[in-house]
Amino acid sequence: MITLKDIKREQWDLYVGLLTVEQKDSLLIQLYAPDSYFNPIQDLNDNWIISVEEMANCVNEEFIWVKDLPLIIYEPKPSPPPFN
Amino acid sequence: MIIGKAISPFAIKRRNGGAANDADAQAFITASGISGTEATAVNTLVVNLKSANIWTKMKAVYPMVGGSATSHKFNLLNPVDSNGAYRLVFAGGLTHSSSGILGGGVNGIADTFLNPTIDLTQFDCHVSANIYTNTFSGTSKVHLFSDNSSTPMGLAAISSTLERSSMGSSTLSATVTASTHRGFWATSRSSSGTNGVNYLLANGTINKYTAAGNFASANIKLFGSVTGAAGYSNFGYSFFTIGNALTDAESLALKTIVANFQTTLGRL
């Protein structure tokens with residue numbers, strides 16, 4: 001399992017943190033840093049994920065566990081109509 | 001005979017404790033907690049926007065100074081910490097620094113709470129974005145968009161070689177290279193008629209197109225679309241505006257004012 005401590009800063013946009021549905025629900029409308037909210041989204045395979053920035057920059061003690069989430073390769077959903 | 005020496009205007013300024021800032025600039029400076037060069041630059045920015053008669057056309061201006069989410073969130077036009085003042089709310093992966101805000105490209109987004117169908121007239125509106133990076137990877141990237149339906153208002157990078165203005169169901173793309181995404185981009189709609197939209201490219205060219213359709217009702221978001229894991233930007237941004245329509249001359253004047261502001265701050 002890959003975690004935050006295994007990757008370099010320049011690899012942050014390649015990976016995302018994998019959430020369970022329960023973890024996703026607990027992060028909704030919650031701050032990970034001052035004026036910065038978590039934003040769980042679904043990837044191409046409908047996994048719930050957050051970005052490495054949210055994990056690395058989290059200073060909210062209640063959610064500090066996000067730093068230990070398993071990392072997976074980021075696979076975005078296809079672009080919506082206005083981009084086609 | 002009058003004997004004496006001339007009084008330097010700088011001496012007067014020192015005795016008076018320095019010239020007072022513009023009141024609107026000072027309100028932003030106080031709210032965002034900035035000082036020094038950043039405060040001076042913001043004051044000059046406001047003075048220049050007013051001098052160019054652009055200030056009154058703005059609904060939201062995001063100068064992105066101070067280096068943190070807390071200082072970057074304020075709208076220069078109304079630096080109050082409320083949705084009604086179009087203060088930004090950040091979510092997802094974004095990196096705040098003295099350069100501005102770097103999109104994470106995964107889920108980073110900011111809600112302006114400004115809905116163009118409510119807060120603007122659909123045929124009297126503009127948006128602009130100043131980009132400080134050139135890096136494009138993956139799929140399309142939103143600079144700012146009112147939603148991700150088929151009828152958004154906004155600016156986006158479609159690929160490594162295409163930037164796009166979108167006004168409702170009509171769009172216009174501009175060809176760029178991998179090294180020319182960076183710079184100031186703006187699009188403005190002043191009418192539903194022929195060539196009622198101007199699209200100012202980063203190279204200073206203004207292209208025109210016709211867009212008669214309305215926008216879907218949704219808040220304008222920065223760095224990403226409303227729903228789904230698509231369109232999230234990994235560009236860096238140092239300035240955004242949203243407001244009433246700008247003429248070609250006003251768009252170019254805004255480009256110059258924003259460039260001067262960035263130069264004063266030592267950033268792109």
# chains A, B, ... in the order shown; residues from 1 in each chain; ligands from 1
call {"tool": "closest_atom_pairs", "arguments": {"of": "chain A", "to": "chain B", "cutoff": "9 Å", "atoms": "only C-alpha atoms", "output": "tab-separated table"}}
result
residue	atom	partner	partner_atom	distance
A:Trp12	CA	B:Gly104	CA	8.2
A:Asp13	CA	B:Gly104	CA	6.5
A:Val16	CA	B:Val106	CA	8.0
A:Leu31	CA	B:Ala91	CA	8.5
A:Ala33	CA	B:Ala69	CA	8.8
A:Pro34	CA	B:Thr70	CA	6.8
A:Asp35	CA	B:Ala69	CA	5.8
A:Ser36	CA	B:Phe90	CA	5.0
A:Tyr37	CA	B:Ala91	CA	4.4
A:Phe38	CA	B:Gly92	CA	5.2
A:Asn39	CA	B:Gly92	CA	4.5
A:Pro40	CA	B:Gly92	CA	7.4
A:Ile41	CA	B:Ala229	CA	6.2
A:Gln42	CA	B:Ala229	CA	6.3
A:Asp43	CA	B:Ala229	CA	6.1
A:Leu44	CA	B:Ala229	CA	7.9
A:Ile50	CA	B:Gly92	CA	7.2
A:Ser51	CA	B:Gly93	CA	5.5
A:Val52	CA	B:Gly93	CA	7.1
A:Glu53	CA	B:Gly93	CA	4.8
A:Glu54	CA	B:Gly93	CA	5.4
A:Met55	CA	B:Gly93	CA	8.8
A:Asn57	CA	B:Gly93	CA	8.9
A:Tyr74	CA	B:Val106	CA	7.9
A:Glu75	CA	B:Ala229	CA	8.9
A:Pro76	CA	B:Ala229	CA	5.5
A:Lys77	CA	B:Ala229	CA	5.3
A:Pro78	CA	B:Ala230	CA	6.2
A:Ser79	CA	B:Ala230	CA	5.1
A:Pro80	CA	B:Asn148	CA	6.5
A:Pro81	CA	B:Ser150	CA	5.7
A:Pro82	CA	B:Ser150	CA	5.1
A:Phe83	CA	B:Ile158	CA	6.1
A:Asn84	CA	B:Ile158	CA	8.0
call {"tool": "write_last_selection", "arguments": {"atoms": "N, CA and C atoms", "output": "tab-separated table (two decimals), in the first residue's frame"}}
result
chain	number	residue	atom	x	y	z
A	12	TRP	N	2.31	14.58	-6.48
A	12	TRP	CA	1.01	14.76	-5.82
A	12	TRP	C	-0.17	14.67	-6.78
A	13	ASP	N	-0.01	15.20	-7.99
A	13	ASP	CA	-1.17	15.20	-8.89
A	13	ASP	C	-1.38	13.85	-9.57
A	16	VAL	N	-4.25	10.04	-5.47
A	16	VAL	CA	-5.33	10.56	-4.62
A	16	VAL	C	-5.50	9.61	-3.44
A	31	LEU	N	-13.57	21.44	7.54
A	31	LEU	CA	-12.33	22.13	7.18
A	31	LEU	C	-11.11	21.23	7.38
A	33	ALA	N	-8.06	22.85	6.75
A	33	ALA	CA	-7.16	23.95	7.12
A	33	ALA	C	-8.02	25.21	7.16
A	34	PRO	N	-7.52	26.31	7.70
A	34	PRO	CA	-8.33	27.53	7.74
A	34	PRO	C	-8.86	27.92	6.36
A	35	ASP	N	-10.16	28.12	6.28
A	35	ASP	CA	-10.83	28.54	5.04
A	35	ASP	C	-10.67	27.55	3.90
A	36	SER	N	-10.42	26.30	4.18
A	36	SER	CA	-10.26	25.27	3.14
A	36	SER	C	-11.02	24.01	3.54
A	37	TYR	N	-12.04	23.69	2.75
A	37	TYR	CA	-12.89	22.53	3.05
A	37	TYR	C	-12.44	21.29	2.27
A	38	PHE	N	-12.68	20.13	2.87
A	38	PHE	CA	-12.51	18.88	2.14
A	38	PHE	C	-13.52	18.86	0.97
A	39	ASN	N	-13.15	18.18	-0.10
A	39	ASN	CA	-14.04	18.08	-1.25
A	39	ASN	C	-13.97	16.67	-1.85
A	40	PRO	N	-14.55	15.67	-1.16
A	40	PRO	CA	-14.52	14.31	-1.71
A	40	PRO	C	-15.26	14.25	-3.04
A	41	ILE	N	-14.65	13.57	-4.01
A	41	ILE	CA	-15.28	13.37	-5.32
A	41	ILE	C	-15.11	11.90	-5.71
A	42	GLN	N	-15.78	11.53	-6.79
A	42	GLN	CA	-15.64	10.16	-7.29
A	42	GLN	C	-14.76	10.13	-8.53
A	43	ASP	N	-13.91	9.11	-8.62
A	43	ASP	CA	-13.04	8.98	-9.79
A	43	ASP	C	-13.74	8.17	-10.88
A	44	LEU	N	-13.00	7.83	-11.90
A	44	LEU	CA	-13.55	7.10	-13.04
A	44	LEU	C	-14.24	5.81	-12.63
A	50	ILE	N	-9.98	11.94	-2.13
A	50	ILE	CA	-9.60	13.34	-1.90
A	50	ILE	C	-8.18	13.53	-2.45
A	51	SER	N	-7.79	14.78	-2.61
A	51	SER	CA	-6.49	15.08	-3.19
A	51	SER	C	-5.38	14.91	-2.15
A	52	VAL	N	-4.17	14.76	-2.64
A	52	VAL	CA	-3.01	14.67	-1.76
A	52	VAL	C	-2.80	15.99	-1.02
A	53	GLU	N	-3.16	17.13	-1.66
A	53	GLU	CA	-3.03	18.43	-0.96
A	53	GLU	C	-3.87	18.45	0.31
A	54	GLU	N	-5.09	17.92	0.23
A	54	GLU	CA	-5.95	17.90	1.42
A	54	GLU	C	-5.34	17.04	2.53
A	55	MET	N	-4.74	15.93	2.11
A	55	MET	CA	-4.11	15.04	3.09
A	55	MET	C	-2.88	15.71	3.72
A	57	ASN	N	-1.92	18.86	3.76
A	57	ASN	CA	-2.11	20.16	4.41
A	57	ASN	C	-3.14	20.15	5.52
A	74	TYR	N	-4.65	8.50	-9.73
A	74	TYR	CA	-5.82	9.32	-10.03
A	74	TYR	C	-6.30	9.05	-11.46
A	75	GLU	N	-7.57	8.63	-11.57
A	75	GLU	CA	-8.19	8.43	-12.88
A	75	GLU	C	-9.47	9.28	-12.92
A	76	PRO	N	-9.42	10.46	-13.58
A	76	PRO	CA	-10.59	11.35	-13.57
A	76	PRO	C	-11.73	10.83	-14.43
A	77	LYS	N	-12.92	11.29	-14.10
A	77	LYS	CA	-14.07	11.00	-14.95
A	77	LYS	C	-13.91	11.77	-16.27
A	78	PRO	N	-14.62	11.35	-17.31
A	78	PRO	CA	-14.52	12.06	-18.60
A	78	PRO	C	-15.01	13.50	-18.50
A	79	SER	N	-14.53	14.34	-19.39
A	79	SER	CA	-14.92	15.75	-19.39
A	79	SER	C	-16.39	15.89	-19.76
A	80	PRO	N	-17.08	16.86	-19.15
A	80	PRO	CA	-18.50	17.10	-19.45
A	80	PRO	C	-18.69	17.85	-20.77
A	81	PRO	N	-19.93	18.02	-21.23
A	81	PRO	CA	-20.23	18.55	-22.57
A	81	PRO	C	-19.55	19.85	-22.97
A	82	PRO	N	-19.46	20.90	-22.13
A	82	PRO	CA	-18.91	22.16	-22.63
A	82	PRO	C	-17.46	22.07	-23.08
A	83	PHE	N	-16.79	21.00	-22.70
A	83	PHE	CA	-15.38	20.87	-23.07
A	83	PHE	C	-15.20	20.08	-24.36
A	84	ASN	N	-16.27	19.47	-24.84
A	84	ASN	CA	-16.10	18.58	-26.00
A	84	ASN	C	-16.02	19.37	-27.30
call {"tool": "residues_around", "arguments": {"residues": "Asn219 in chain B", "least_positions_apart": "2", "cutoff": "7 Å", "atoms": "only C-alpha atoms", "output": "list in words"}}
result
Asp111, Thr112, Phe113, Leu114, Asn115, Ser146, Asp147 and Lys221 of chain B
call {"tool": "residues_around", "arguments": {"residues": "Val66 in chain A", "least_positions_apart": "2", "cutoff": "12 Å", "atoms": "only C-alpha atoms", "output": "PyMOL selection string"}}
result
chain A and resi 3-4+16-20+23-24+26-27+32+38+40+49-64+68-71
call {"tool": "select_by_dssp", "arguments": {"residues": "range 125-172 of chain B", "states": "strand (DSSP E)", "output": "PyMOL selection string"}}
result
chain B and resi 125-131+141-145+153-159+162-167+170-172
call {"tool": "write_last_selection", "arguments": {"atoms": "N, CA and C atoms", "output": "PDB file, in the first residue's frame"}}
result
ATOM      1  N   CYS B 125     -22.058  41.388 -19.306  1.00  0.00           N
ATOM      2  CA  CYS B 125     -21.277  40.632 -18.330  1.00  0.00           C
ATOM      3  C   CYS B 125     -19.877  40.331 -18.866  1.00  0.00           C
ATOM      4  N   HIS B 126     -18.965  40.113 -17.932  1.00  0.00           N
ATOM      5  CA  HIS B 126     -17.608  39.703 -18.325  1.00  0.00           C
ATOM      6  C   HIS B 126     -16.992  38.852 -17.212  1.00  0.00           C
ATOM      7  N   VAL B 127     -15.995  38.078 -17.587  1.00  0.00           N
ATOM      8  CA  VAL B 127     -15.114  37.396 -16.628  1.00  0.00           C
ATOM      9  C   VAL B 127     -13.688  37.516 -17.153  1.00  0.00           C
ATOM     10  N   SER B 128     -12.728  37.474 -16.219  1.00  0.00           N
ATOM     11  CA  SER B 128     -11.322  37.469 -16.637  1.00  0.00           C
ATOM     12  C   SER B 128     -10.507  36.618 -15.672  1.00  0.00           C
ATOM     13  N   ALA B 129      -9.361  36.155 -16.158  1.00  0.00           N
ATOM     14  CA  ALA B 129      -8.464  35.338 -15.338  1.00  0.00           C
ATOM     15  C   ALA B 129      -7.027  35.615 -15.743  1.00  0.00           C
ATOM     16  N   ASN B 130      -6.155  35.753 -14.756  1.00  0.00           N
ATOM     17  CA  ASN B 130      -4.725  35.903 -15.028  1.00  0.00           C
ATOM     18  C   ASN B 130      -4.013  34.613 -14.608  1.00  0.00           C
ATOM     19  N   ILE B 131      -3.382  33.971 -15.569  1.00  0.00           N
ATOM     20  CA  ILE B 131      -2.750  32.663 -15.358  1.00  0.00           C
ATOM     21  C   ILE B 131      -1.246  32.849 -15.268  1.00  0.00           C
ATOM     22  N   LYS B 141      -9.316  21.963 -18.514  1.00  0.00           N
ATOM     23  CA  LYS B 141      -9.152  22.658 -17.239  1.00  0.00           C
ATOM     24  C   LYS B 141     -10.021  23.910 -17.208  1.00  0.00           C
ATOM     25  N   VAL B 142     -10.824  24.042 -16.177  1.00  0.00           N
ATOM     26  CA  VAL B 142     -11.650  25.234 -15.996  1.00  0.00           C
ATOM     27  C   VAL B 142     -10.824  26.352 -15.358  1.00  0.00           C
ATOM     28  N   HIS B 143     -10.866  27.545 -15.948  1.00  0.00           N
ATOM     29  CA  HIS B 143     -10.324  28.716 -15.253  1.00  0.00           C
ATOM     30  C   HIS B 143     -11.421  29.263 -14.316  1.00  0.00           C
ATOM     31  N   LEU B 144     -12.552  29.598 -14.911  1.00  0.00           N
ATOM     32  CA  LEU B 144     -13.759  29.891 -14.124  1.00  0.00           C
ATOM     33  C   LEU B 144     -14.967  29.603 -15.005  1.00  0.00           C
ATOM     34  N   PHE B 145     -15.985  29.032 -14.400  1.00  0.00           N
ATOM     35  CA  PHE B 145     -17.176  28.583 -15.139  1.00  0.00           C
ATOM     36  C   PHE B 145     -18.387  28.738 -14.235  1.00  0.00           C
ATOM     37  N   MET B 153     -21.058  30.115 -18.508  1.00  0.00           N
ATOM     38  CA  MET B 153     -20.339  31.351 -18.793  1.00  0.00           C
ATOM     39  C   MET B 153     -18.944  31.162 -18.220  1.00  0.00           C
ATOM     40  N   GLY B 154     -17.910  31.404 -19.024  1.00  0.00           N
ATOM     41  CA  GLY B 154     -16.591  31.294 -18.431  1.00  0.00           C
ATOM     42  C   GLY B 154     -15.455  31.133 -19.401  1.00  0.00           C
ATOM     43  N   LEU B 155     -14.310  30.769 -18.835  1.00  0.00           N
ATOM     44  CA  LEU B 155     -13.065  30.577 -19.569  1.00  0.00           C
ATOM     45  C   LEU B 155     -12.470  29.231 -19.177  1.00  0.00           C
ATOM     46  N   ALA B 156     -11.881  28.536 -20.157  1.00  0.00           N
ATOM     47  CA  ALA B 156     -11.293  27.226 -19.870  1.00  0.00           C
ATOM     48  C   ALA B 156     -10.180  26.932 -20.863  1.00  0.00           C
ATOM     49  N   ALA B 157      -9.307  26.020 -20.468  1.00  0.00           N
ATOM     50  CA  ALA B 157      -8.329  25.459 -21.400  1.00  0.00           C
ATOM     51  C   ALA B 157      -8.869  24.109 -21.835  1.00  0.00           C
ATOM     52  N   ILE B 158      -9.009  23.917 -23.129  1.00  0.00           N
ATOM     53  CA  ILE B 158      -9.606  22.688 -23.649  1.00  0.00           C
ATOM     54  C   ILE B 158      -8.559  21.613 -23.871  1.00  0.00           C
ATOM     55  N   SER B 159      -7.366  22.042 -24.209  1.00  0.00           N
ATOM     56  CA  SER B 159      -6.265  21.102 -24.442  1.00  0.00           C
ATOM     57  C   SER B 159      -4.964  21.891 -24.295  1.00  0.00           C
ATOM     58  N   LEU B 162      -5.464  24.657 -26.966  1.00  0.00           N
ATOM     59  CA  LEU B 162      -6.712  25.404 -27.152  1.00  0.00           C
ATOM     60  C   LEU B 162      -7.187  26.037 -25.848  1.00  0.00           C
ATOM     61  N   GLU B 163      -7.455  27.345 -25.893  1.00  0.00           N
ATOM     62  CA  GLU B 163      -8.163  28.040 -24.825  1.00  0.00           C
ATOM     63  C   GLU B 163      -9.561  28.355 -25.353  1.00  0.00           C
ATOM     64  N   ARG B 164     -10.532  28.568 -24.453  1.00  0.00           N
ATOM     65  CA  ARG B 164     -11.902  28.770 -24.915  1.00  0.00           C
ATOM     66  C   ARG B 164     -12.665  29.780 -24.071  1.00  0.00           C
ATOM     67  N   SER B 165     -13.433  30.630 -24.785  1.00  0.00           N
ATOM     68  CA  SER B 165     -14.443  31.490 -24.163  1.00  0.00           C
ATOM     69  C   SER B 165     -15.788  30.815 -24.343  1.00  0.00           C
ATOM     70  N   SER B 166     -16.598  30.829 -23.300  1.00  0.00           N
ATOM     71  CA  SER B 166     -17.931  30.244 -23.381  1.00  0.00           C
ATOM     72  C   SER B 166     -18.954  31.245 -22.875  1.00  0.00           C
ATOM     73  N   MET B 167     -19.973  31.509 -23.710  1.00  0.00           N
ATOM     74  CA  MET B 167     -21.087  32.380 -23.317  1.00  0.00           C
ATOM     75  C   MET B 167     -22.377  31.653 -23.651  1.00  0.00           C
ATOM     76  N   SER B 170     -22.850  29.043 -26.864  1.00  0.00           N
ATOM     77  CA  SER B 170     -21.870  29.386 -27.899  1.00  0.00           C
ATOM     78  C   SER B 170     -20.482  29.507 -27.295  1.00  0.00           C
ATOM     79  N   THR B 171     -19.479  29.085 -28.073  1.00  0.00           N
ATOM     80  CA  THR B 171     -18.106  29.163 -27.602  1.00  0.00           C
ATOM     81  C   THR B 171     -17.201  29.634 -28.736  1.00  0.00           C
ATOM     82  N   LEU B 172     -16.020  30.086 -28.358  1.00  0.00           N
ATOM     83  CA  LEU B 172     -14.986  30.413 -29.343  1.00  0.00           C
ATOM     84  C   LEU B 172     -13.660  29.938 -28.777  1.00  0.00           C
TER      85      LEU B 172
END
